[in-house]
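Scroll down for the structure; my scribbles are underneath it.
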Amino acid sequence: MVRIATSEEGGTFWTQGMALKSVLERVPALAPVEILASPGASIATAEAVSAGDAAFGFMAANWLPRALVGEAPFARAMDLRIVAPMNTGPLFFIARADRRYRGVRDLARKRVVFGPEKSGMAQHARTILDLLGLEVTPLFLDFAAGAAAVETGAADAQLQCPIPNRVMSDLAGRCDIHVLPWDHASLERVLAAVPFYRRAVMKRGALPGLDADTAQPGVLNLLVTGVRADADAVAACARAIAANAAELERLNPLFGGLAALFADLAAAAIGGARFHDAAARTYRELRLLR
């Protein structure tokens with residue numbers, strides 16, 4: 001049995017894990033596959049994989065370099081390796097449409113929902129707004145409470161991720177919302193400064209009120225394993241994901257752009273992180289890595 005740590009049940013990593021399960025279970029060396037609901041997502045995943053409670057796990061790339069050296073919130077260094085990129089999740093600011101904000105820079109001096117204070121979302125909000133030199137009033141609320149605050153006017157805007165996103169879909173059904181666009185210079189500044197961000201395009205119609213394709217920064221998400229993981233299982237997993245990238249995109253729209261990530265596979269190794277030796281060997285055999 002292969003266990004994969006994801007996120008809370010119904011969360012984005014969990015839904016991706018369920019799609020991945022359907023692909024991996026066709027590989028005899030990996031079946032059966034068990035998806036572990038893992039409240040705490042990336043942080044809990046690192047703990048589970050490092051402890052051997054899961055063979056693989058989903059992590060946002062911004063947390064992996066911290067886990068490798070034992071930087072807070074991790075209490076110790078963890079010898080983790082990359083198996084494959086999973087997707088790029090757009091990070092986007094939303095506001096009620098009647099606020100009439102023209103773009104992200106209009107958030108200066110506004111009340112912005114960051115997410116829980118020690119969460120990855122709060123880390124992203126601080127990083128992005130600091131790079132833009134924007135002073136805001138942070139509100140430390142979870143996704144659902146933050147959306148409710150935007151709806152009632154207790155917050156001016158909220159940082160959200162990714163698409164599709166049940167909280168945002170529900171909010172858009174209750175009030176008109178606006179996804180704040182970026183000016184070119186601001187977006188390029190953020191993308192150039194943060195190695196684990198990628199350009200992500202939110203497609204027209206992804207949310208009610210999103211009337212045109214819009215570029216946003218996106219955080220790279222990864223499937224990771226431990227350095228001592230079974231080499232045959234890692235190789236089989238890497239090969240199956242590479243071979244079925246298009247199918248995964250069809251099974252779950254969160255995997256959108258996975259094939260493009262495999263076209264630039266070396267870029268997934270950031271912040272001192274490396275591919276597991278068995279995954280790297282497999283990708284070289286497939287001519288996806290040099």
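Going by the structure tokens order, chains are called A, B, ..., each with residues numbered from 1, while ligands are numbered from 1 in the order shown.
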
Note to self: Using only C-alpha atoms, which protein or nucleic acid residues come within 9 Å of range 197-206 of chain A? Drop anything in the same chain fewer than 2 positions from it, and give the result as a ChimeraX atom specification.
What the structure shows: /A:61-62,88-91,163-164,187-188,190-195,208-220,257

Next item on the list: Taking the chain letters and numbering used in this document, name the residues of range 38-286 of chain A that DSSP puts in strand (DSSP E), as a PyMOL selection string.
Entry: chain A and resi 56-60+80-90+92-96+111-113+137-139+157-160+177-179+197-202+214-226

Notebook entry, point to check: For Ala29 in chain A, which residue among A:Ala48, A:Arg290, A:Asp230, A:Ala154 is the nearest when counting only C-alpha atoms?
Noted result: A:Asp230

Item checked: Exercise: range 98-109 of chain A partners within 12 Å, only C-alpha atoms, chain neighbours under 3 positions left out, as number ranges by chain -> A: 91-95, 112-113, 125, 128-138, 150-151, 153, 155-159, 175-187, 209, 214-217

Please dump the current selection as a CSV table (one decimal), in the first residue's frame; keep N, CA and C atoms.
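This is the output file part.csv:
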```csv
chain,number,residue,atom,x,y,z
A,91,LEU,N,-2.5,32.9,-6.9
A,91,LEU,CA,-2.8,33.7,-5.6
A,91,LEU,C,-3.4,35.0,-6.1
A,92,PHE,N,-4.7,35.2,-5.7
A,92,PHE,CA,-5.4,36.4,-6.2
A,92,PHE,C,-6.1,37.1,-5.1
A,93,PHE,N,-6.2,38.4,-5.3
A,93,PHE,CA,-6.9,39.3,-4.3
A,93,PHE,C,-8.3,39.5,-4.9
A,94,ILE,N,-9.3,39.4,-4.0
A,94,ILE,CA,-10.7,39.6,-4.4
A,94,ILE,C,-11.3,40.7,-3.5
A,95,ALA,N,-12.3,41.4,-4.1
A,95,ALA,CA,-13.0,42.4,-3.3
A,95,ALA,C,-14.4,42.4,-3.9
A,112,VAL,N,-7.1,44.0,4.6
A,112,VAL,CA,-7.0,42.8,3.7
A,112,VAL,C,-6.9,41.5,4.6
A,113,VAL,N,-7.7,40.5,4.2
A,113,VAL,CA,-7.7,39.2,4.9
A,113,VAL,C,-6.4,38.5,4.3
A,125,ALA,N,0.8,36.7,1.5
A,125,ALA,CA,0.3,38.1,1.6
A,125,ALA,C,1.4,39.0,2.0
A,128,ILE,N,4.0,39.4,-0.9
A,128,ILE,CA,3.6,40.1,-2.0
A,128,ILE,C,3.4,41.6,-1.7
A,129,LEU,N,2.8,41.9,-0.6
A,129,LEU,CA,2.5,43.3,-0.3
A,129,LEU,C,3.8,44.1,0.1
A,130,ASP,N,4.7,43.4,0.7
A,130,ASP,CA,6.0,44.0,1.1
A,130,ASP,C,6.8,44.3,-0.2
A,131,LEU,N,6.8,43.4,-1.1
A,131,LEU,CA,7.5,43.6,-2.4
A,131,LEU,C,6.9,44.8,-3.1
A,132,LEU,N,5.6,45.1,-3.0
A,132,LEU,CA,5.0,46.2,-3.7
A,132,LEU,C,5.0,47.5,-2.9
A,133,GLY,N,5.5,47.3,-1.6
A,133,GLY,CA,5.6,48.5,-0.8
A,133,GLY,C,4.2,49.0,-0.3
A,134,LEU,N,3.3,48.1,-0.2
A,134,LEU,CA,1.9,48.5,0.2
A,134,LEU,C,1.7,48.3,1.6
A,135,GLU,N,1.3,49.3,2.4
A,135,GLU,CA,0.9,49.1,3.8
A,135,GLU,C,-0.6,48.9,3.9
A,136,VAL,N,-1.0,47.8,4.5
A,136,VAL,CA,-2.4,47.5,4.7
A,136,VAL,C,-2.6,47.1,6.1
A,137,THR,N,-3.9,47.0,6.5
A,137,THR,CA,-4.3,46.5,7.8
A,137,THR,C,-4.6,45.0,7.6
A,138,PRO,N,-3.7,44.1,8.2
A,138,PRO,CA,-4.0,42.6,8.0
A,138,PRO,C,-5.1,42.1,8.9
A,150,VAL,N,-15.5,40.0,3.8
A,150,VAL,CA,-15.6,40.7,2.5
A,150,VAL,C,-17.0,41.0,2.2
A,151,GLU,N,-17.8,40.0,2.3
A,151,GLU,CA,-19.3,40.1,2.0
A,151,GLU,C,-19.9,41.2,2.8
A,153,GLY,N,-18.5,43.7,4.4
A,153,GLY,CA,-17.8,44.9,4.4
A,153,GLY,C,-16.9,45.1,5.6
A,155,ALA,N,-14.1,43.6,5.8
A,155,ALA,CA,-12.8,43.5,5.2
A,155,ALA,C,-13.0,44.1,3.8
A,156,ASP,N,-11.9,44.8,3.3
A,156,ASP,CA,-12.0,45.4,2.0
A,156,ASP,C,-11.6,44.4,0.9
A,157,ALA,N,-10.7,43.4,1.2
A,157,ALA,CA,-10.2,42.5,0.2
A,157,ALA,C,-9.7,41.3,0.9
A,158,GLN,N,-9.4,40.2,0.1
A,158,GLN,CA,-8.9,39.0,0.7
A,158,GLN,C,-8.0,38.3,-0.4
A,159,LEU,N,-6.9,37.8,0.2
A,159,LEU,CA,-6.0,37.0,-0.7
A,159,LEU,C,-6.6,35.5,-0.7
A,175,CYS,N,-22.7,37.5,-3.5
A,175,CYS,CA,-22.5,38.9,-3.8
A,175,CYS,C,-21.6,39.0,-5.0
A,176,ASP,N,-21.6,40.1,-5.7
A,176,ASP,CA,-20.7,40.3,-6.9
A,176,ASP,C,-19.3,40.6,-6.4
A,177,ILE,N,-18.3,39.8,-6.9
A,177,ILE,CA,-17.0,40.0,-6.5
A,177,ILE,C,-16.1,40.4,-7.8
A,178,HIS,N,-14.9,40.9,-7.5
A,178,HIS,CA,-14.0,41.4,-8.5
A,178,HIS,C,-12.6,40.8,-8.2
A,179,VAL,N,-12.0,40.1,-9.2
A,179,VAL,CA,-10.6,39.7,-9.0
A,179,VAL,C,-9.7,40.8,-9.5
A,180,LEU,N,-8.9,41.3,-8.5
A,180,LEU,CA,-8.1,42.5,-8.8
A,180,LEU,C,-7.0,42.1,-9.8
A,181,PRO,N,-6.9,42.9,-10.9
A,181,PRO,CA,-5.8,42.7,-11.9
A,181,PRO,C,-4.5,43.3,-11.4
A,182,TRP,N,-3.4,42.9,-12.1
A,182,TRP,CA,-2.1,43.4,-11.8
A,182,TRP,C,-1.6,44.3,-13.0
A,183,ASP,N,-0.9,45.3,-12.7
A,183,ASP,CA,-0.2,46.0,-13.7
A,183,ASP,C,1.1,45.2,-14.0
A,184,HIS,N,1.6,45.4,-15.2
A,184,HIS,CA,2.7,44.5,-15.7
A,184,HIS,C,3.9,44.6,-14.8
A,185,ALA,N,4.3,45.9,-14.5
A,185,ALA,CA,5.5,46.1,-13.7
A,185,ALA,C,5.4,45.4,-12.4
A,186,SER,N,4.3,45.6,-11.7
A,186,SER,CA,4.2,45.0,-10.4
A,186,SER,C,4.2,43.5,-10.4
A,187,LEU,N,3.6,42.9,-11.4
A,187,LEU,CA,3.6,41.4,-11.4
A,187,LEU,C,5.0,40.9,-11.8
A,209,GLY,N,-18.0,37.1,-12.7
A,209,GLY,CA,-17.4,38.5,-12.7
A,209,GLY,C,-16.0,38.5,-13.3
A,214,THR,N,-6.8,36.7,-16.8
A,214,THR,CA,-6.0,37.7,-16.1
A,214,THR,C,-4.8,36.9,-15.5
A,215,ALA,N,-3.6,37.5,-15.6
A,215,ALA,CA,-2.4,36.9,-15.1
A,215,ALA,C,-2.3,37.3,-13.6
A,216,GLN,N,-1.8,36.3,-12.8
A,216,GLN,CA,-1.6,36.4,-11.4
A,216,GLN,C,-0.4,35.6,-11.0
A,217,PRO,N,0.2,36.0,-9.9
A,217,PRO,CA,1.3,35.1,-9.4
A,217,PRO,C,0.7,33.8,-8.9
```

Margin query: Write out as number ranges by chain the set of residues from range 107-224 of chain A that DSSP, computed on the backbone, places in alpha helix (DSSP H).
Written below: A: 120-132, 143-152, 166-174, 184-193

Would you write out those residues with N, CA and C atoms, as a CSV table (one decimal), in the first residue's frame?
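Saved as result_5.csv:
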```
chain,number,residue,atom,x,y,z
A,120,GLY,N,0.4,29.5,5.4
A,120,GLY,CA,1.1,29.8,4.2
A,120,GLY,C,0.5,31.0,3.5
A,121,MET,N,-0.9,31.2,3.6
A,121,MET,CA,-1.5,32.3,2.9
A,121,MET,C,-1.0,33.7,3.5
A,122,ALA,N,-0.9,33.7,4.8
A,122,ALA,CA,-0.4,34.9,5.4
A,122,ALA,C,1.0,35.2,5.0
A,123,GLN,N,1.8,34.2,4.9
A,123,GLN,CA,3.2,34.3,4.4
A,123,GLN,C,3.2,34.9,3.0
A,124,HIS,N,2.3,34.4,2.1
A,124,HIS,CA,2.2,34.9,0.7
A,124,HIS,C,1.8,36.4,0.7
A,125,ALA,N,0.8,36.7,1.5
A,125,ALA,CA,0.3,38.1,1.6
A,125,ALA,C,1.4,39.0,2.0
A,126,ARG,N,2.1,38.7,3.0
A,126,ARG,CA,3.2,39.6,3.5
A,126,ARG,C,4.2,39.7,2.4
A,127,THR,N,4.6,38.6,1.8
A,127,THR,CA,5.7,38.7,0.8
A,127,THR,C,5.3,39.6,-0.4
A,128,ILE,N,4.0,39.4,-0.9
A,128,ILE,CA,3.6,40.1,-2.0
A,128,ILE,C,3.4,41.6,-1.7
A,129,LEU,N,2.8,41.9,-0.6
A,129,LEU,CA,2.5,43.3,-0.3
A,129,LEU,C,3.8,44.1,0.1
A,130,ASP,N,4.7,43.4,0.7
A,130,ASP,CA,6.0,44.0,1.1
A,130,ASP,C,6.8,44.3,-0.2
A,131,LEU,N,6.8,43.4,-1.1
A,131,LEU,CA,7.5,43.6,-2.4
A,131,LEU,C,6.9,44.8,-3.1
A,132,LEU,N,5.6,45.1,-3.0
A,132,LEU,CA,5.0,46.2,-3.7
A,132,LEU,C,5.0,47.5,-2.9
A,143,PHE,N,-10.2,31.1,5.3
A,143,PHE,CA,-10.8,31.4,4.0
A,143,PHE,C,-12.3,31.7,4.2
A,144,ALA,N,-13.1,30.9,4.9
A,144,ALA,CA,-14.5,31.1,4.9
A,144,ALA,C,-14.8,32.3,5.7
A,145,ALA,N,-14.2,32.5,6.9
A,145,ALA,CA,-14.5,33.7,7.7
A,145,ALA,C,-14.0,35.0,6.9
A,146,GLY,N,-12.9,34.9,6.2
A,146,GLY,CA,-12.5,36.0,5.4
A,146,GLY,C,-13.4,36.4,4.3
A,147,ALA,N,-14.0,35.4,3.7
A,147,ALA,CA,-15.0,35.6,2.6
A,147,ALA,C,-16.2,36.3,3.2
A,148,ALA,N,-16.6,35.9,4.4
A,148,ALA,CA,-17.8,36.5,5.0
A,148,ALA,C,-17.5,37.9,5.4
A,149,ALA,N,-16.3,38.2,5.8
A,149,ALA,CA,-15.9,39.6,6.1
A,149,ALA,C,-15.9,40.5,4.9
A,150,VAL,N,-15.5,40.0,3.8
A,150,VAL,CA,-15.6,40.7,2.5
A,150,VAL,C,-17.0,41.0,2.2
A,151,GLU,N,-17.8,40.0,2.3
A,151,GLU,CA,-19.3,40.1,2.0
A,151,GLU,C,-19.9,41.2,2.8
A,152,THR,N,-19.7,41.2,4.1
A,152,THR,CA,-20.3,42.2,5.0
A,152,THR,C,-19.7,43.6,5.0
A,166,ARG,N,-14.0,26.3,-3.6
A,166,ARG,CA,-15.4,26.3,-3.1
A,166,ARG,C,-15.8,27.5,-2.4
A,167,VAL,N,-14.9,28.1,-1.5
A,167,VAL,CA,-15.2,29.3,-0.8
A,167,VAL,C,-15.5,30.4,-1.7
A,168,MET,N,-14.7,30.6,-2.7
A,168,MET,CA,-14.9,31.7,-3.6
A,168,MET,C,-16.1,31.5,-4.5
A,169,SER,N,-16.4,30.3,-4.9
A,169,SER,CA,-17.6,30.0,-5.7
A,169,SER,C,-18.8,30.3,-4.9
A,170,ASP,N,-18.8,29.9,-3.6
A,170,ASP,CA,-20.0,30.2,-2.7
A,170,ASP,C,-20.1,31.7,-2.5
A,171,LEU,N,-19.0,32.4,-2.3
A,171,LEU,CA,-19.1,33.9,-2.1
A,171,LEU,C,-19.6,34.6,-3.3
A,172,ALA,N,-19.2,34.1,-4.5
A,172,ALA,CA,-19.6,34.7,-5.8
A,172,ALA,C,-21.1,34.5,-6.0
A,173,GLY,N,-21.7,33.5,-5.3
A,173,GLY,CA,-23.1,33.2,-5.4
A,173,GLY,C,-23.9,34.1,-4.5
A,174,ARG,N,-23.2,34.7,-3.5
A,174,ARG,CA,-23.9,35.6,-2.5
A,174,ARG,C,-23.8,37.1,-2.8
A,184,HIS,N,1.6,45.4,-15.2
A,184,HIS,CA,2.7,44.5,-15.7
A,184,HIS,C,3.9,44.6,-14.8
A,185,ALA,N,4.3,45.9,-14.5
A,185,ALA,CA,5.5,46.1,-13.7
A,185,ALA,C,5.4,45.4,-12.4
A,186,SER,N,4.3,45.6,-11.7
A,186,SER,CA,4.2,45.0,-10.4
A,186,SER,C,4.2,43.5,-10.4
A,187,LEU,N,3.6,42.9,-11.4
A,187,LEU,CA,3.6,41.4,-11.4
A,187,LEU,C,5.0,40.9,-11.8
A,188,GLU,N,5.7,41.6,-12.7
A,188,GLU,CA,7.0,41.1,-13.0
A,188,GLU,C,8.0,41.3,-11.8
A,189,ARG,N,7.8,42.3,-11.0
A,189,ARG,CA,8.6,42.5,-9.9
A,189,ARG,C,8.4,41.3,-8.9
A,190,VAL,N,7.2,40.9,-8.6
A,190,VAL,CA,7.0,39.8,-7.7
A,190,VAL,C,7.5,38.5,-8.3
A,191,LEU,N,7.2,38.2,-9.5
A,191,LEU,CA,7.7,37.0,-10.1
A,191,LEU,C,9.2,36.9,-10.1
A,192,ALA,N,9.9,38.0,-10.4
A,192,ALA,CA,11.4,38.0,-10.4
A,192,ALA,C,12.0,37.8,-9.0
A,193,ALA,N,11.3,38.2,-8.0
A,193,ALA,CA,11.8,38.2,-6.7
A,193,ALA,C,11.6,36.9,-5.9
```

Checklist line | Gap from CA of Ala55 in chain A to CA of Cys161 in chain A - Å, one decimal | finding: 25.9 Å

Next item on the list: Skip Met18 in chain A itself and residues of its chain fewer than 6 positions away, then list as a PyMOL selection string all residues within 12 Å of it, counting only C-alpha atoms.
Entry: chain A and resi 3-7+9-12+24-25+33-37+58+248+251-252+254-255

Please write the residues from the selection above to a file, keeping N, CA and C atoms, as a PDB file, in the first residue's frame.
```pdb
ATOM      1  N   ARG A   3       0.682   5.338   0.728  1.00  0.00           N
ATOM      2  CA  ARG A   3      -0.110   6.402   1.348  1.00  0.00           C
ATOM      3  C   ARG A   3       0.375   7.763   0.851  1.00  0.00           C
ATOM      4  N   ILE A   4      -0.596   8.641   0.546  1.00  0.00           N
ATOM      5  CA  ILE A   4      -0.285   9.994   0.079  1.00  0.00           C
ATOM      6  C   ILE A   4      -0.955  10.992   1.008  1.00  0.00           C
ATOM      7  N   ALA A   5      -0.168  11.844   1.654  1.00  0.00           N
ATOM      8  CA  ALA A   5      -0.691  12.891   2.536  1.00  0.00           C
ATOM      9  C   ALA A   5      -1.133  14.083   1.693  1.00  0.00           C
ATOM     10  N   THR A   6      -2.285  14.652   2.029  1.00  0.00           N
ATOM     11  CA  THR A   6      -2.836  15.725   1.198  1.00  0.00           C
ATOM     12  C   THR A   6      -3.177  16.951   2.044  1.00  0.00           C
ATOM     13  N   SER A   7      -4.454  17.144   2.326  1.00  0.00           N
ATOM     14  CA  SER A   7      -4.932  18.284   3.108  1.00  0.00           C
ATOM     15  C   SER A   7      -6.189  17.818   3.820  1.00  0.00           C
ATOM     16  N   GLU A   9     -10.014  16.872   4.318  1.00  0.00           N
ATOM     17  CA  GLU A   9     -10.930  16.268   3.346  1.00  0.00           C
ATOM     18  C   GLU A   9     -11.745  17.350   2.656  1.00  0.00           C
ATOM     19  N   GLY A  10     -11.775  17.297   1.332  1.00  0.00           N
ATOM     20  CA  GLY A  10     -12.453  18.318   0.548  1.00  0.00           C
ATOM     21  C   GLY A  10     -11.560  19.473   0.155  1.00  0.00           C
ATOM     22  N   GLY A  11     -10.359  19.568   0.755  1.00  0.00           N
ATOM     23  CA  GLY A  11      -9.421  20.622   0.399  1.00  0.00           C
ATOM     24  C   GLY A  11      -8.810  20.386  -0.972  1.00  0.00           C
ATOM     25  N   THR A  12      -8.097  21.380  -1.467  1.00  0.00           N
ATOM     26  CA  THR A  12      -7.601  21.284  -2.843  1.00  0.00           C
ATOM     27  C   THR A  12      -6.594  20.152  -3.016  1.00  0.00           C
ATOM     28  N   LEU A  24      -2.531   6.279 -10.251  1.00  0.00           N
ATOM     29  CA  LEU A  24      -1.469   5.456  -9.680  1.00  0.00           C
ATOM     30  C   LEU A  24      -1.923   4.029  -9.386  1.00  0.00           C
ATOM     31  N   GLU A  25      -3.201   3.850  -9.106  1.00  0.00           N
ATOM     32  CA  GLU A  25      -3.663   2.496  -8.782  1.00  0.00           C
ATOM     33  C   GLU A  25      -3.661   1.563  -9.986  1.00  0.00           C
ATOM     34  N   VAL A  33      -3.630   2.475  -3.313  1.00  0.00           N
ATOM     35  CA  VAL A  33      -3.209   3.811  -2.890  1.00  0.00           C
ATOM     36  C   VAL A  33      -4.217   4.340  -1.878  1.00  0.00           C
ATOM     37  N   GLU A  34      -3.728   4.823  -0.763  1.00  0.00           N
ATOM     38  CA  GLU A  34      -4.582   5.415   0.265  1.00  0.00           C
ATOM     39  C   GLU A  34      -4.306   6.904   0.357  1.00  0.00           C
ATOM     40  N   ILE A  35      -5.368   7.692   0.297  1.00  0.00           N
ATOM     41  CA  ILE A  35      -5.248   9.139   0.415  1.00  0.00           C
ATOM     42  C   ILE A  35      -5.517   9.533   1.857  1.00  0.00           C
ATOM     43  N   LEU A  36      -4.548  10.171   2.477  1.00  0.00           N
ATOM     44  CA  LEU A  36      -4.663  10.589   3.869  1.00  0.00           C
ATOM     45  C   LEU A  36      -5.145  12.032   3.937  1.00  0.00           C
ATOM     46  N   ALA A  37      -6.305  12.251   4.556  1.00  0.00           N
ATOM     47  CA  ALA A  37      -6.732  13.608   4.857  1.00  0.00           C
ATOM     48  C   ALA A  37      -5.801  14.156   5.923  1.00  0.00           C
ATOM     49  N   PHE A  58       1.647  16.096  -0.738  1.00  0.00           N
ATOM     50  CA  PHE A  58       1.539  17.370  -1.456  1.00  0.00           C
ATOM     51  C   PHE A  58       2.078  18.494  -0.582  1.00  0.00           C
ATOM     52  N   LEU A 248      -4.626  13.722 -15.904  1.00  0.00           N
ATOM     53  CA  LEU A 248      -4.818  14.366 -14.611  1.00  0.00           C
ATOM     54  C   LEU A 248      -5.470  15.736 -14.779  1.00  0.00           C
ATOM     55  N   LEU A 251      -9.089  15.043 -15.217  1.00  0.00           N
ATOM     56  CA  LEU A 251      -9.743  14.535 -14.020  1.00  0.00           C
ATOM     57  C   LEU A 251     -10.013  15.619 -12.989  1.00  0.00           C
ATOM     58  N   ASN A 252      -9.112  16.594 -12.902  1.00  0.00           N
ATOM     59  CA  ASN A 252      -9.252  17.638 -11.903  1.00  0.00           C
ATOM     60  C   ASN A 252      -8.648  18.920 -12.460  1.00  0.00           C
ATOM     61  N   LEU A 254      -7.635  21.458 -11.149  1.00  0.00           N
ATOM     62  CA  LEU A 254      -6.500  21.985 -10.383  1.00  0.00           C
ATOM     63  C   LEU A 254      -5.167  21.565 -10.986  1.00  0.00           C
ATOM     64  N   PHE A 255      -5.166  20.477 -11.764  1.00  0.00           N
ATOM     65  CA  PHE A 255      -3.942  20.042 -12.429  1.00  0.00           C
ATOM     66  C   PHE A 255      -3.699  20.806 -13.736  1.00  0.00           C
TER      67      PHE A 255
END
```

Check: Using only C-alpha atoms, which residue out of A:Gly226, A:Gly256, A:Pro32, A:Gly17 lies closest to Arg81 in chain A?
Finding: A:Gly226

Item checked: Neighbour list for range 234-241 of chain A as a PyMOL selection string, cut-off 10 Å, only C-alpha atoms, skip fewer than 6 positions in-chain -> chain A and resi 20+23-30+55-56+82-86+223-226+247-248+258-259+262+276-283+285-286

Next item on the list: Figure out the distance between CA of Gly272 in chain A and CA of Leu288 in chain A, please, to one decimal in Å.
Entry: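 Calculated distance between CA of Leu288 in chain A and CA of Gly272 in chain A is 19.9 Å.
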
Next item on the list: In Å, rounded to a single decimal, give me how far CA of Pro65 in chain A is from CA of Ala273 in chain A.
Entry: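 According to the coordinates, CA of Ala273 in chain A and CA of Pro65 in chain A are separated by 6.4 Å.
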
Next item on the list: Pick out the residues sitting within 12 Å of Ser50 in chain A, and hand them over as a list in words; count only C-alpha atoms, and ignore anything fewer than 4 positions along from it in its own chain.
Entry: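 My list of contacting residues is Ala5, Ile43, Ala44, Thr45, Ala46, Ala54, Ala55, Phe56, Gly57, Leu64, Ala67, Leu68, Gly70, Phe74, Arg76, Ala77, Met78, Asp79, Leu80, Arg81, Val224, Thr225, Gly226, Val227, Arg228 and Ala229 of chain A.
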